[in-house]
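**Student:** If it helps, the file is called query-v8.cif and holds mmCIF, C-alpha atoms:
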```cif
data_entry
#
loop_
_atom_site.label_atom_id
_atom_site.label_comp_id
_atom_site.auth_asym_id
_atom_site.auth_seq_id
_atom_site.Cartn_x
_atom_site.Cartn_y
_atom_site.Cartn_z
CA PRO K 1451 -18.83 4.39 13.20
CA GLN K 1452 -22.36 5.70 13.29
CA LEU K 1453 -22.37 9.48 13.13
CA PHE K 1454 -25.20 11.72 14.33
CA PRO K 1455 -27.26 13.21 12.89
CA SER K 1456 -27.63 12.18 9.28
CA GLY K 1457 -28.70 15.66 8.28
CA LEU K 1458 -30.50 14.58 5.12
CA SER K 1459 -33.54 16.64 4.21
CA SER K 1460 -37.04 15.30 3.68
CA SER K 1461 -36.61 15.72 -0.07
CA SER K 1462 -34.29 12.70 0.05
CA SER K 1463 -36.95 10.34 1.37
CA SER K 1464 -37.07 8.15 -1.72
CA PHE K 1465 -33.50 6.81 -1.42
CA LEU K 1466 -32.63 3.66 -3.38
CA LEU K 1467 -29.64 1.26 -3.24
CA VAL K 1468 -26.92 1.94 -5.82
CA GLY K 1469 -24.50 -0.42 -7.50
CA GLN K 1470 -24.06 -4.14 -7.14
CA PRO K 1471 -21.57 -6.29 -5.30
CA PRO K 1472 -18.75 -7.68 -7.48
CA ARG K 1473 -19.50 -10.71 -9.60
CA GLU K 1474 -17.39 -13.52 -10.90
CA THR K 1475 -14.49 -12.25 -13.02
CA MET K 1476 -13.25 -13.54 -16.38
CA LYS K 1477 -9.59 -14.27 -17.07
CA LEU K 1478 -7.80 -12.12 -19.62
CA SER K 1479 -5.40 -13.71 -22.04
CA LEU K 1480 -1.72 -12.84 -21.89
CA ALA K 1481 -2.03 -11.59 -25.45
CA LEU K 1482 -4.61 -9.00 -24.44
CA LEU K 1483 -2.45 -7.91 -21.50
CA ALA K 1484 0.53 -7.42 -23.79
CA ALA K 1485 -1.58 -5.46 -26.25
CA THR K 1486 -2.86 -3.11 -23.55
CA ALA K 1487 0.47 -2.78 -21.78
CA LEU K 1488 -1.26 -3.35 -18.45
CA THR K 1489 1.17 -5.65 -16.69
CA GLY K 1490 0.93 -6.61 -13.03
CA ALA K 1491 3.10 -7.97 -10.24
CA SER K 1492 3.77 -11.69 -10.46
CA ALA K 1493 1.96 -12.37 -7.19
CA PHE K 1494 -1.37 -11.57 -8.83
CA SER K 1495 -3.41 -13.04 -11.67
CA PHE K 1496 -5.01 -10.76 -14.27
CA SER K 1497 -8.74 -10.53 -14.75
CA SER K 1498 -11.47 -8.28 -15.99
CA SER K 1499 -14.96 -8.09 -14.56
CA PRO K 1500 -17.94 -7.98 -16.92
CA GLN K 1501 -18.97 -4.83 -15.05
CA VAL K 1502 -15.74 -2.95 -15.84
CA ALA K 1503 -16.42 -0.48 -18.64
CA PHE K 1504 -12.74 0.04 -19.43
CA ARG K 1505 -11.61 -0.10 -23.04
CA PRO K 1506 -7.80 -0.21 -23.18
CA SER K 1507 -5.81 1.37 -25.95
CA ALA K 1508 -4.67 -0.91 -28.74
CA THR K 1509 -1.31 0.86 -28.89
CA SER K 1510 1.48 -0.99 -27.08
CA LEU K 1511 4.27 0.77 -25.28
CA SER K 1512 7.45 0.68 -27.29
CA ALA K 1513 10.45 -1.16 -25.93
CA SER K 1514 12.47 2.04 -25.88
CA LYS K 1515 9.85 3.85 -23.81
CA ASN K 1516 9.75 0.95 -21.37
CA ARG K 1517 13.54 1.02 -21.06
CA LEU K 1518 13.39 4.73 -20.24
CA LYS K 1519 10.86 4.06 -17.46
CA ILE K 1520 12.97 1.27 -16.00
CA ALA K 1521 16.09 3.42 -16.16
CA SER K 1522 14.28 6.27 -14.40
CA ARG K 1523 13.02 4.03 -11.60
CA THR K 1524 16.43 2.40 -11.23
CA GLN K 1525 18.07 5.81 -10.92
CA TRP K 1526 15.49 6.80 -8.31
CA ALA K 1527 16.16 3.66 -6.25
CA GLU K 1528 19.94 3.89 -6.50
CA SER K 1529 19.87 7.58 -5.53
CA ARG K 1530 18.32 6.49 -2.23
CA GLY K 1531 21.10 4.05 -1.48
CA TYR K 1532 19.39 0.80 -2.47
CA SER K 1533 21.54 -2.10 -3.57
CA ASP K 1534 21.55 -3.18 -7.21
CA GLY K 1535 19.04 -5.91 -6.37
CA ALA K 1536 16.75 -3.54 -4.52
CA ALA K 1537 17.07 -0.98 -7.30
CA ALA K 1538 16.07 -3.58 -9.86
CA ALA K 1539 13.08 -4.60 -7.72
CA ALA K 1540 11.97 -0.99 -7.34
CA ALA K 1541 12.37 -0.38 -11.06
CA ASP K 1542 10.30 -3.46 -11.87
CA VAL K 1543 7.09 -2.18 -10.23
CA LYS K 1544 4.39 -2.12 -12.90
CA ALA K 1545 1.25 -0.04 -13.25
CA GLY K 1546 -2.05 -1.37 -14.58
CA LEU K 1547 -5.28 -3.23 -13.87
CA MET K 1548 -4.71 -6.18 -11.53
CA THR K 1549 -6.61 -8.72 -9.44
CA ASN K 1550 -5.98 -9.61 -5.80
CA ASP K 1551 -5.95 -13.12 -4.35
CA GLU K 1552 -9.63 -12.82 -3.45
CA GLY K 1553 -10.72 -11.94 -7.00
CA LEU K 1554 -11.21 -8.17 -6.63
CA GLU K 1555 -9.81 -5.88 -9.31
CA TYR K 1556 -7.72 -2.84 -8.53
CA VAL K 1557 -5.62 -0.31 -10.43
CA LYS K 1558 -1.95 0.03 -9.53
CA LEU K 1559 -0.47 3.50 -10.05
CA VAL K 1560 3.29 4.06 -10.24
CA HIS K 1561 5.10 7.39 -10.50
CA PRO K 1562 7.93 7.01 -13.05
CA ASP K 1563 10.31 9.44 -11.34
CA THR K 1564 9.83 8.93 -7.61
CA GLY K 1565 8.69 5.30 -7.48
CA ALA K 1566 5.67 6.26 -5.36
CA THR K 1567 2.71 3.89 -5.74
CA SER K 1568 -1.00 3.76 -5.04
CA GLU K 1569 -3.73 1.12 -5.31
CA VAL K 1570 -7.38 1.88 -6.09
CA TYR K 1571 -10.04 -0.84 -5.89
CA LEU K 1572 -12.98 -0.88 -8.27
CA TYR K 1573 -15.15 -2.36 -5.51
CA GLY K 1574 -16.15 0.72 -3.53
CA GLY K 1575 -13.86 2.98 -5.59
CA VAL K 1576 -11.52 2.96 -2.61
CA VAL K 1577 -7.84 3.91 -2.45
CA THR K 1578 -6.21 1.28 -0.22
CA SER K 1579 -2.55 2.27 -0.49
CA TYR K 1580 -0.32 5.29 -0.95
CA ILE K 1581 3.41 4.68 -0.59
CA ASP K 1582 5.62 7.71 -1.11
CA GLY K 1583 8.99 7.76 -2.85
CA GLU K 1584 10.76 6.96 0.43
CA GLY K 1585 8.74 3.79 0.92
CA THR K 1586 6.36 4.97 3.67
CA GLU K 1587 2.79 3.66 3.56
CA PHE K 1588 0.29 6.31 4.66
CA ILE K 1589 -3.07 4.58 4.10
CA ALA K 1590 -4.30 1.87 6.45
CA VAL K 1591 -6.52 -1.16 5.90
CA ARG K 1592 -7.76 -2.80 9.09
CA PRO K 1593 -6.63 -6.36 9.89
CA ASP K 1594 -10.28 -7.46 10.01
CA ALA K 1595 -11.03 -6.04 6.54
CA LYS K 1596 -12.68 -8.28 3.93
CA MET K 1597 -10.96 -8.00 0.55
CA ASP K 1598 -13.33 -10.33 -1.33
CA GLY K 1599 -16.32 -8.04 -1.90
CA SER K 1600 -18.47 -9.65 0.79
CA LYS K 1601 -18.70 -6.33 2.65
CA PRO K 1602 -17.27 -2.81 2.28
CA ILE K 1603 -13.49 -2.68 2.67
CA SER K 1604 -12.67 -1.54 6.21
CA GLY K 1605 -9.89 0.90 5.45
CA GLY K 1606 -8.50 3.15 2.76
CA LEU K 1607 -10.18 6.32 1.52
CA SER K 1608 -13.66 4.86 1.76
CA HIS K 1609 -16.62 6.67 0.17
CA CYS K 1610 -19.67 7.65 2.21
CA TRP K 1611 -22.25 8.72 -0.37
CA PRO K 1612 -25.04 9.86 -0.75
CA GLN K 1613 -25.45 9.62 3.02
CA PHE K 1614 -22.99 10.00 5.89
CA GLY K 1615 -23.74 7.87 8.94
CA PRO K 1616 -27.24 6.48 9.66
CA GLY K 1617 -30.36 7.80 7.98
CA GLU K 1618 -33.04 6.94 5.48
CA ILE K 1619 -30.88 4.43 3.60
CA GLN K 1620 -28.14 2.06 4.70
CA GLN K 1621 -25.26 3.24 6.91
CA HIS K 1622 -22.91 5.55 4.97
CA GLY K 1623 -24.86 5.06 1.72
CA PHE K 1624 -24.00 2.66 -1.08
CA ALA K 1625 -20.90 4.01 -2.88
CA ARG K 1626 -18.54 1.90 -0.78
CA ASN K 1627 -20.18 -1.44 -1.58
CA VAL K 1628 -20.78 -1.28 -5.33
CA MET K 1629 -18.56 -1.83 -8.35
CA TRP K 1630 -17.24 1.35 -9.96
CA THR K 1631 -16.07 1.29 -13.58
CA VAL K 1632 -12.79 2.52 -15.08
CA ALA K 1633 -13.43 5.59 -17.23
CA SER K 1634 -9.77 6.29 -17.98
CA MET K 1635 -6.35 5.40 -16.65
CA SER K 1636 -2.62 5.91 -17.10
CA ASP K 1637 0.45 4.87 -15.12
CA THR K 1638 -0.12 7.71 -12.64
CA SER K 1639 -3.87 8.42 -12.69
CA VAL K 1640 -7.21 6.63 -12.77
CA THR K 1641 -10.77 7.90 -12.99
CA LEU K 1642 -13.58 5.64 -11.79
CA GLU K 1643 -17.30 6.18 -12.31
CA MET K 1644 -20.45 5.12 -10.49
CA ALA K 1645 -23.89 5.44 -12.14
CA PRO K 1646 -27.37 4.28 -11.09
CA SER K 1647 -28.19 0.58 -11.36
CA ASP K 1648 -31.18 -1.58 -10.46
CA TYR K 1649 -29.53 -2.20 -7.09
CA THR K 1650 -29.10 1.49 -6.34
CA LYS K 1651 -32.50 2.53 -7.61
CA GLU K 1652 -34.14 0.28 -5.03
CA MET K 1653 -32.64 2.61 -2.43
CA TRP K 1654 -32.20 6.01 -4.02
CA ASP K 1655 -34.08 6.83 -7.22
CA LYS K 1656 -31.98 9.77 -8.42
CA ASP K 1657 -30.34 10.38 -11.78
CA PHE K 1658 -26.69 10.94 -10.87
CA LEU K 1659 -23.15 10.30 -12.05
CA CYS K 1660 -20.21 10.16 -9.65
CA SER K 1661 -16.58 10.11 -10.69
CA PHE K 1662 -13.51 9.72 -8.53
CA THR K 1663 -9.99 10.44 -9.73
CA ALA K 1664 -6.75 9.51 -7.94
CA THR K 1665 -3.51 10.95 -9.30
CA LEU K 1666 0.08 10.33 -8.20
CA GLU K 1667 2.10 13.52 -8.39
CA SER K 1668 5.78 13.82 -7.54
CA ASP K 1669 5.09 14.99 -3.99
CA ARG K 1670 1.51 13.93 -3.22
CA LEU K 1671 -1.57 11.84 -3.96
CA SER K 1672 -4.40 14.02 -5.28
CA THR K 1673 -8.06 12.99 -5.34
CA LYS K 1674 -11.18 14.49 -6.88
CA MET K 1675 -14.78 13.47 -6.17
CA HIS K 1676 -17.24 14.85 -8.75
CA VAL K 1677 -21.02 14.51 -8.46
CA GLU K 1678 -23.43 15.44 -11.26
CA ASN K 1679 -27.22 15.67 -11.30
CA LYS K 1680 -28.04 14.17 -14.72
CA GLY K 1681 -31.76 14.78 -14.33
CA GLU K 1682 -33.68 17.32 -16.38
CA GLU K 1683 -36.05 18.65 -13.72
CA ASP K 1684 -35.62 17.36 -10.16
CA SER K 1685 -32.99 18.37 -7.63
CA PHE K 1686 -31.57 16.00 -5.02
CA ASP K 1687 -29.74 16.30 -1.69
CA PHE K 1688 -26.69 14.33 -0.57
CA GLN K 1689 -23.92 14.18 2.00
CA ALA K 1690 -20.39 13.05 1.19
CA ALA K 1691 -17.25 11.91 3.01
CA LEU K 1692 -13.95 10.19 2.51
CA HIS K 1693 -13.81 7.88 5.53
CA SER K 1694 -10.01 7.98 5.43
CA TYR K 1695 -7.88 5.51 7.38
CA PHE K 1696 -4.25 6.54 7.94
CA THR K 1697 -1.38 4.49 9.32
CA VAL K 1698 0.32 5.36 12.60
CA SER K 1699 3.33 3.71 14.25
CA ALA K 1700 1.37 3.77 17.52
CA ILE K 1701 -1.62 5.83 18.58
CA ALA K 1702 0.41 7.27 21.49
CA ASP K 1703 2.94 8.67 18.98
CA LEU K 1704 0.29 10.57 17.00
CA GLU K 1705 -0.58 14.26 17.10
CA ILE K 1706 -3.16 15.89 14.84
CA ALA K 1707 -2.68 19.62 14.28
CA GLY K 1708 -5.14 22.01 12.64
CA SER K 1709 -7.60 24.79 13.38
CA PHE K 1710 -9.32 22.82 16.15
CA GLU K 1711 -8.93 25.26 19.04
CA GLY K 1712 -12.15 27.07 19.90
CA LYS K 1713 -14.28 25.02 17.49
CA GLU K 1714 -17.46 23.27 18.53
CA PHE K 1715 -17.65 19.56 17.86
CA LEU K 1716 -20.12 16.75 18.31
CA ASN K 1717 -18.71 14.16 20.72
CA LYS K 1718 -20.53 10.97 19.76
CA MET K 1719 -19.16 9.09 22.77
CA VAL K 1720 -21.24 11.10 25.28
CA GLY K 1721 -24.83 10.09 25.96
CA ASP K 1722 -27.22 8.43 23.57
CA GLU K 1723 -27.21 11.16 20.96
CA GLY K 1724 -23.83 12.80 21.52
CA GLU K 1725 -23.02 16.16 23.06
CA MET K 1726 -21.81 19.43 21.57
CA GLN K 1727 -18.53 20.49 23.15
CA THR K 1728 -15.85 23.13 22.55
CA GLU K 1729 -12.31 22.06 21.69
CA GLU K 1730 -9.68 23.74 23.87
CA ARG K 1731 -6.66 22.15 22.19
CA SER K 1732 -4.83 23.18 19.02
CA VAL K 1733 -3.18 19.76 18.77
CA ILE K 1734 -5.25 16.59 19.25
CA THR K 1735 -3.93 13.44 20.93
CA ILE K 1736 -5.97 10.26 21.35
CA GLY K 1737 -6.07 8.26 24.59
CA GLU K 1738 -9.65 7.02 24.52
CA GLU K 1739 -12.29 5.92 22.02
CA TYR K 1740 -12.94 8.75 19.57
CA ASP K 1741 -15.89 9.65 17.36
CA ARG K 1742 -15.95 13.43 16.94
CA VAL K 1743 -17.41 15.66 14.22
CA TYR K 1744 -15.56 18.99 13.84
CA LYS K 1745 -17.61 21.28 11.62
CA GLY K 1746 -15.63 24.00 9.90
CA VAL K 1747 -12.25 22.28 10.37
CA ASN K 1748 -10.67 21.06 7.13
CA ASP K 1749 -6.91 21.50 7.57
CA PRO K 1750 -5.68 18.51 9.66
CA VAL K 1751 -2.01 17.51 9.69
CA LEU K 1752 -0.98 14.13 11.12
CA LYS K 1753 2.37 14.04 12.94
CA ASP K 1754 3.81 10.61 13.77
CA LYS K 1755 6.72 10.80 16.20
CA GLY K 1756 7.40 7.11 15.66
CA THR K 1757 8.22 7.57 11.96
CA GLY K 1758 9.24 11.23 12.02
CA LYS K 1759 6.75 11.81 9.19
CA THR K 1760 3.84 14.21 8.71
CA LEU K 1761 0.85 13.92 6.42
CA ALA K 1762 -1.10 17.04 5.49
CA VAL K 1763 -4.71 16.42 4.45
CA LEU K 1764 -5.32 19.31 2.06
CA ASN K 1765 -9.06 19.77 1.57
CA GLU K 1766 -8.96 22.28 -1.26
CA ALA K 1767 -12.60 22.30 -2.38
CA GLY K 1768 -15.92 20.86 -1.23
CA TRP K 1769 -14.76 19.13 1.95
CA GLU K 1770 -15.59 21.51 4.81
CA ASP K 1771 -15.54 19.37 7.95
CA THR K 1772 -13.37 16.76 9.70
CA VAL K 1773 -14.32 13.63 11.64
CA LEU K 1774 -11.83 11.95 13.97
CA TRP K 1775 -12.48 8.30 14.75
CA ASN K 1776 -10.52 5.58 16.54
CA PRO K 1777 -11.89 2.46 18.28
CA TYR K 1778 -9.39 2.83 21.12
CA GLY K 1779 -8.66 -0.49 22.83
CA ASN K 1780 -10.17 -2.69 20.10
CA GLU K 1781 -7.34 -5.08 19.25
CA GLY K 1782 -9.37 -6.89 16.59
CA MET K 1783 -9.70 -3.67 14.58
CA GLY K 1784 -6.02 -2.87 15.10
CA TYR K 1785 -6.76 0.45 16.86
CA ASP K 1786 -3.13 1.14 17.74
CA ASN K 1787 -1.95 1.39 14.12
CA PHE K 1788 -4.52 3.63 12.44
CA VAL K 1789 -6.61 6.72 12.86
CA CYS K 1790 -9.52 7.93 10.77
CA VAL K 1791 -9.23 11.60 9.81
CA GLU K 1792 -12.19 11.99 7.51
CA SER K 1793 -12.84 14.67 4.89
CA VAL K 1794 -16.55 15.46 5.13
CA LYS K 1795 -19.33 17.59 3.66
CA PHE K 1796 -21.69 17.19 6.61
CA ASP K 1797 -24.45 19.67 5.73
CA PRO K 1798 -26.45 18.30 2.78
CA VAL K 1799 -25.67 19.61 -0.70
CA THR K 1800 -28.66 20.41 -2.91
CA LEU K 1801 -27.93 19.82 -6.60
CA GLU K 1802 -30.32 21.28 -9.10
CA ALA K 1803 -30.90 19.50 -12.42
CA GLY K 1804 -27.72 19.77 -14.47
CA GLY K 1805 -25.68 20.92 -11.46
CA SER K 1806 -22.44 19.48 -10.08
CA TRP K 1807 -20.31 19.42 -6.94
CA THR K 1808 -16.60 18.70 -6.53
CA GLY K 1809 -14.52 17.65 -3.52
CA ASP K 1810 -10.73 18.01 -3.93
CA MET K 1811 -8.40 16.44 -1.38
CA SER K 1812 -4.64 15.84 -1.53
CA LEU K 1813 -2.31 13.90 0.78
CA VAL K 1814 1.08 15.57 1.14
CA PRO K 1815 3.83 13.75 3.07
CA GLY K 1816 6.49 15.66 4.97
CA ALA K 1817 8.92 15.42 7.87
CA ILE K 1818 8.54 16.55 11.49
CA GLU K 1819 10.67 19.62 12.04
CA GLU K 1820 13.10 19.35 14.93
#
```
Output the file's structure as C-alpha cells, nothing else.
**Tutor:**
Amino acid sequence: PQLFPSGLSSSSSSFLLVGQPPRETMKLSLALLAATALTGASAFSFSSSPQVAFRPSATSLSASKNRLKIASRTQWAESRGYSDGAAAAAADVKAGLMTNDEGLEYVKLVHPDTGATSEVYLYGGVVTSYIDGEGTEFIAVRPDAKMDGSKPISGGLSHCWPQFGPGEIQQHGFARNVMWTVASMSDTSVTLEMAPSDYTKEMWDKDFLCSFTATLESDRLSTKMHVENKGEEDSFDFQAALHSYFTVSAIADLEIAGSFEGKEFLNKMVGDEGEMQTEERSVITIGEEYDRVYKGVNDPVLKDKGTGKTLAVLNEAGWEDTVLWNPYGNEGMGYDNFVCVESVKFDPVTLEAGGSWTGDMSLVPGAIEE
C-alpha cells in the first residue's frame, strides 16, 4: 500500500538504490554441508550465493549432541500427543541454510526444546514463517507472492527502509528487494546484514550498515533492526517499518486490541490524500478496505476467534507507530486470510555520524481467555 506522507526531510534528497537482486546460485557439495552441520529438509536442494558473506564453522556437531537434540524434539512431540511417526517427523526438522524451489536462499531456525520454527530469506531479509511449538503458523505470505527474487516478497515481516511509502526514492525503499548477507547464525538465531552497493548508491548515497536479527525463544520470536551511520561527518534521515503480514482464519474472526481509542489516525482510504480521523474503538474489526496510520500506538494484540489464539506484537524499542492494512475483497491477494499490522517509525530519524538506532519487536503467541 502507498502510505501518505513520506515524511522524509529535504536532507534526504540524494537517495540512491541499495542492494542488488539475487543472482544465480552455486551448488554446495554434500561434503561441505556435512562439515558445516547445516542440513536441510529433503524437499530442498542446498546452495550458496556468491553474495552470501557467511563463513561456516569447520567444527562438526558430534553424534552425541545430535542425538540429544533429536531426543529433545521427540520428547516435545510425544508430550503433545503425536504418534511415534509424527514425533519422529517433528524431531527430524533441521536448522540451517537452505534453498527453495525457485533458487532463493533462506535460513531455517528450529528451537530444540519446543520444536518452534522460523524461516528468514536472504532476499529482502524477510521472515516468512513463524510456527510455534503447537504448530500454529502466525506469519502470512500472500498467494500472489513471487518467491524467485523477481520482485519483493509479498508477505512476511517485510522491511521498509530507508523510506516508508512513496517519496524521493522507490516505494518503501530498497531493503526489501536486495540480497542481505549472513553475519552469524545458530540453530535458533540468525543475523543478516545490508551494506551499500553500487545498486543502492544510485538511489541513496549514504554510508550505512543495517543488521537484522531473528531469534527463536521458547515462547516467542524476537527481532532486532539495527541501523548505523558509518560516515565520519554527514548525518542522514530515514524512516523504517516492518510491513508485517499475519495469518488469520478469516478476517471476520479477527479483533485487534491495543491503545487505539481516542488516537488520531490517517485514513488513507478517504479522498486523494487521506483524512485525519479520531478512533472511537478500543478493539478494531475490519469489514472494509483498510489503510490506516496510527501514530503513537505500538501495542497491538491480534485475537483470532477461529483459532482461539492471540498474537501480541511487542514493540519494545524504536517502533512507535502502527499501520493497519488489508485489501478487503481482493481475492487474488487472499485478503480473507491475512492482515498487516505494521511496526513503524513514521517520523524520520536523524542519525549523526557514528550514531545508531535500534527497533526491537517480538511476537508472543497466546490463547484467547474465555
**Student:** May I ask for the distance between atom CA of Gly1574 of chain K and atom CA of Val1747 of chain K, given in Å to one decimal place?
**Tutor:**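 Atom-to-atom, atom CA of Gly1574 of chain K and atom CA of Val1747 of chain K are spaced 25.9 Å apart.
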**Student:** If you apply the PyMOL selection byres ((chain K and resi 1796) around 9) to this file, what residues do you get, as a list of chain:residue names?
**Tutor:**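 Listing what the PyMOL selection byres ((chain K and resi 1796) around 9) selects in the shown file: K:Ser1456, K:Gly1457, K:Phe1614, K:Gln1689, K:Ala1690, K:Ala1691, K:Val1743, K:Lys1745, K:Trp1769, K:Glu1770, K:Asp1771, K:Thr1772, K:Val1794, K:Lys1795, K:Asp1797, K:Pro1798, K:Val1799.
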**Student:** Can you list, as a list in words, every protein, DNA or RNA residue that comes within 9 Å of Val1789 of chain K when you count only C-alpha atoms, leaving out same-chain residues fewer than 2 positions away?
**Tutor:**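 Answer for this query is Ala1590, Ser1694, Tyr1695, Phe1696, Thr1697, Val1698, Ile1701, Leu1704, Leu1774, Trp1775, Asn1776, Pro1777, Tyr1785, Asp1786, Asn1787 and Val1791 of chain K.
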**Student:** Residues of the last selection are to be written out with C-alpha atoms, as an mmCIF file, in the coordinates of the input.
**Tutor:**
```cif
data_model
loop_
_atom_site.group_PDB
_atom_site.id
_atom_site.type_symbol
_atom_site.label_atom_id
_atom_site.label_comp_id
_atom_site.auth_asym_id
_atom_site.auth_seq_id
_atom_site.Cartn_x
_atom_site.Cartn_y
_atom_site.Cartn_z
ATOM 1 C CA ALA K 1590 -4.300 1.870 6.450
ATOM 2 C CA SER K 1694 -10.010 7.980 5.430
ATOM 3 C CA TYR K 1695 -7.880 5.510 7.380
ATOM 4 C CA PHE K 1696 -4.250 6.540 7.940
ATOM 5 C CA THR K 1697 -1.380 4.490 9.320
ATOM 6 C CA VAL K 1698 0.320 5.360 12.600
ATOM 7 C CA ILE K 1701 -1.620 5.830 18.580
ATOM 8 C CA LEU K 1704 0.290 10.570 17.000
ATOM 9 C CA LEU K 1774 -11.830 11.950 13.970
ATOM 10 C CA TRP K 1775 -12.480 8.300 14.750
ATOM 11 C CA ASN K 1776 -10.520 5.580 16.540
ATOM 12 C CA PRO K 1777 -11.890 2.460 18.280
ATOM 13 C CA TYR K 1785 -6.760 0.450 16.860
ATOM 14 C CA ASP K 1786 -3.130 1.140 17.740
ATOM 15 C CA ASN K 1787 -1.950 1.390 14.120
ATOM 16 C CA VAL K 1791 -9.230 11.600 9.810
#
```
**Student:** Using atom CA of Glu1555 of chain K and atom CA of Tyr1573 of chain K as the two end points, give the distance in Å to one decimal.
**Tutor:** 7.4 Å
**Student:** Rounded to one decimal in Å, what is the spacing between atom CA of Leu1671 of chain K and atom CA of Ala1767 of chain K?
**Tutor:**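 The value is 15.3 Å.
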**Student:** Residues at most 6 Å from segment 1617-1627 of chain K, counting only C-alpha atoms, excluding those fewer than 3 positions away in the same chain, as a PyMOL selection string?
**Tutor:** chain K and resi 1456+1468+1574+1602+1609-1614
**Student:** Selection in question (the file shown): the PyMOL selection byres ((chain K and resi 1728) around 12). Which residues does it include, as an MDAnalysis selection string?
**Tutor:** chainID K and resid 1710:1717 1725:1727 1729:1732 1742:1745
